[in-house]
Amino acid sequence: MATSNAADPSHYRSVLSHFATGVTIVTGMDHATPVGFTCQSFSALSLDPPLIWIAPSRSSTSWPKIAAGGSFTVNVLAADQEDLCRQFSTSGVDKFAGVDFTLGVTGTPRIAGALATVDCTISQVTTAGDHFMVVGDVAALDARSGMPLLYFRGGFGQFAL
Ligand SMILES: Cc1cc2nc3c(=O)[nH]c(=O)nc-3n(C[C@H](O)[C@H](O)[C@H](O)COP(=O)(O)O)c2cc1C
């Protein structure tokens, strides 16, 4: 490690990239059009009441459209969904081209093949630097058996048992 300067963006990115996570696609509806973006910043938050949080960038073009609808679904990606992850991390393309989905109880897309889906209504939105901290009230959630897509130090990987 070259420096411990927290103000150095590349050092911040490099150090924080050591925290391995799963990857999600956060989806919503812009009127009748499905929208979404790849989102690593997601975690459980509260059991009683059931809450989760996500952190959309303030530069996200999808988030304002999702927020206007008042609800979203967090789709936890499976190990074989890396292509989908890349598709939803590219701004301005038709992200849902070729993507199968159903609508959850919140009216937002549950992507076919996701390892888990968490349907939420938006409970709180706080500005935190260049991101928003969004708390979601969990309305419904489901999971299937299978392996997750993992993200670590800027690369994708799989869980080995
Ligand atoms: C692995 C990975 C994780 C990401 N995590 C986040 C995240 O937590 N929050 C976020 O706003 N963008 C995240 N992004 C970037 C967005 O997916 C990307 O900026 C996307 O193009 C935004 O699309 P939009 O303009 O349609 O919202 C991530 C991208 C990748 C590849």
# chains A, B, ... in the order shown; residues from 1 in each chain; ligands from 1

$ residues_near_ligand --ligand "ligand 1" --cutoff "6 Å" --atoms "only C-alpha atoms and all ligand atoms" --output "number ranges by chain"
A: 37-41, 55-57, 60-63, 86, 88-91

$ write_last_selection --atoms "N, CA and C atoms" --output "short mmCIF file (atom, residue, chain, number, x, y, z; two decimals), in the first residue's frame"
data_model
loop_
_atom_site.label_atom_id
_atom_site.label_comp_id
_atom_site.auth_asym_id
_atom_site.auth_seq_id
_atom_site.Cartn_x
_atom_site.Cartn_y
_atom_site.Cartn_z
N PHE A 37 -30.02 -0.68 -12.33
CA PHE A 37 -28.56 -0.49 -12.36
C PHE A 37 -27.89 -1.48 -11.43
N THR A 38 -26.68 -1.87 -11.80
CA THR A 38 -25.87 -2.76 -10.97
C THR A 38 -25.47 -2.04 -9.69
N CYS A 39 -25.62 -2.71 -8.55
CA CYS A 39 -25.38 -2.06 -7.27
C CYS A 39 -24.73 -3.05 -6.28
N GLN A 40 -23.51 -2.70 -5.89
CA GLN A 40 -22.77 -3.52 -4.93
C GLN A 40 -23.11 -3.10 -3.50
N SER A 41 -23.48 -1.82 -3.35
CA SER A 41 -23.70 -1.26 -2.01
C SER A 41 -25.10 -1.60 -1.53
N ALA A 55 -27.02 2.06 -1.77
CA ALA A 55 -26.39 3.37 -1.99
C ALA A 55 -26.27 3.65 -3.48
N PRO A 56 -27.28 4.29 -4.08
CA PRO A 56 -27.16 4.71 -5.48
C PRO A 56 -26.30 5.96 -5.59
N SER A 57 -25.48 6.02 -6.64
CA SER A 57 -24.68 7.21 -6.91
C SER A 57 -25.60 8.37 -7.27
N SER A 60 -26.27 8.46 -10.92
CA SER A 60 -27.08 7.42 -11.56
C SER A 60 -28.26 8.06 -12.29
N THR A 61 -28.46 7.65 -13.55
CA THR A 61 -29.60 8.18 -14.31
C THR A 61 -30.85 7.34 -14.06
N SER A 62 -30.64 6.10 -13.59
CA SER A 62 -31.79 5.22 -13.32
C SER A 62 -32.43 5.52 -11.97
N TRP A 63 -31.60 5.85 -10.96
CA TRP A 63 -32.14 6.00 -9.61
C TRP A 63 -33.29 7.02 -9.51
N ARG A 86 -22.74 -6.73 -16.04
CA ARG A 86 -22.07 -5.76 -16.91
C ARG A 86 -23.10 -4.96 -17.71
N PHE A 88 -26.10 -4.10 -16.90
CA PHE A 88 -26.79 -3.12 -16.06
C PHE A 88 -25.82 -2.10 -15.45
N SER A 89 -24.54 -2.21 -15.75
CA SER A 89 -23.59 -1.20 -15.25
C SER A 89 -23.19 -0.23 -16.36
N THR A 90 -23.85 -0.37 -17.52
CA THR A 90 -23.57 0.53 -18.64
C THR A 90 -24.73 1.50 -18.78
N SER A 91 -24.45 2.78 -18.54
CA SER A 91 -25.49 3.81 -18.58
C SER A 91 -25.93 4.06 -20.01
#

$ residues_around --residues "Pro64 (chain A)" --least-positions-apart "3" --cutoff "12 Å" --atoms "only C-alpha atoms" --output "compact mmCIF listing (two decimals) with C-alpha atoms, in the first residue's frame"
# COMPACT_ATOMS: atom_id res chain seq x y z
CA THR A 27 -34.75 -2.40 -10.47
CA GLY A 28 -37.80 -0.18 -10.64
CA MET A 29 -40.46 1.04 -13.04
CA ASP A 30 -40.37 4.33 -14.91
CA VAL A 35 -35.19 0.47 -15.30
CA GLY A 36 -32.25 -0.69 -13.19
CA PHE A 37 -28.56 -0.49 -12.36
CA PRO A 56 -27.16 4.71 -5.48
CA SER A 57 -24.68 7.21 -6.91
CA ARG A 58 -25.97 10.76 -7.28
CA SER A 59 -24.83 10.44 -10.93
CA SER A 60 -27.08 7.42 -11.56
CA THR A 61 -29.60 8.18 -14.31
CA ALA A 67 -37.28 6.81 -6.77
CA ALA A 68 -40.18 8.53 -8.51
CA GLY A 69 -42.03 5.20 -8.51
CA GLY A 70 -41.56 4.84 -4.73
CA SER A 71 -40.44 1.20 -4.77
CA PHE A 72 -37.64 -1.06 -5.98
CA VAL A 125 -33.41 8.79 1.39
CA PHE A 132 -27.66 8.56 -1.57
CA VAL A 134 -31.66 4.66 0.72

$ atom_distance --atom1 "CA of Leu149 (chain A)" --atom2 "CA of Leu115 (chain A)"
9.1 Å

$ closest_residue --among "A:Gln124, A:Ala112, A:Ala143, A:Phe42" --to "Thr21 (chain A)" --atoms "only C-alpha atoms"
A:Phe42

$ select_by_dssp --residues "region 18-130 of chain A" --states "strand (DSSP E)" --output "ChimeraX atom specification"
/A:21-22,24-30,33-39,42-46,51-54,71-76,101-103,109-111,116-128

$ atom_distance --atom1 "CA of Ala79 (chain A)" --atom2 "CA of Leu150 (chain A)"
7.4 Å

$ closest_residue --among "A:Arg144, A:Thr33, A:Gly154, A:Phe159" --to "Ala116 (chain A)" --atoms "only C-alpha atoms"
A:Arg144

$ residues_around --residues "Val105 (chain A)" --least-positions-apart "4" --cutoff "12 Å" --atoms "only C-alpha atoms" --output "PyMOL selection string"
chain A and resi 28+71-73+109-110+117-121+138-142

$ atom_distance --atom1 "CA of Ile122 (chain A)" --atom2 "CA of Gly136 (chain A)"
4.8 Å

$ closest_residue --among "A:Ala97, A:Met147, A:Phe152, A:Ala114" --to "Ser17 (chain A)" --atoms "only C-alpha atoms"
A:Phe152

$ select_by_dssp --residues "chain A" --states "helix (DSSP H, G or I)" --output "PyMOL selection string"
chain A and resi 9-16+63-69+82-87

$ closest_residue --among "A:Val23, A:Asp137, A:Ser46, A:Trp53" --to "Gly155 (chain A)" --atoms "only C-alpha atoms"
A:Val23

$ closest_residue --among "A:Gly129, A:Leu47, A:Gln158, A:Arg153" --to "Arg13 (chain A)" --atoms "only C-alpha atoms"
A:Arg153
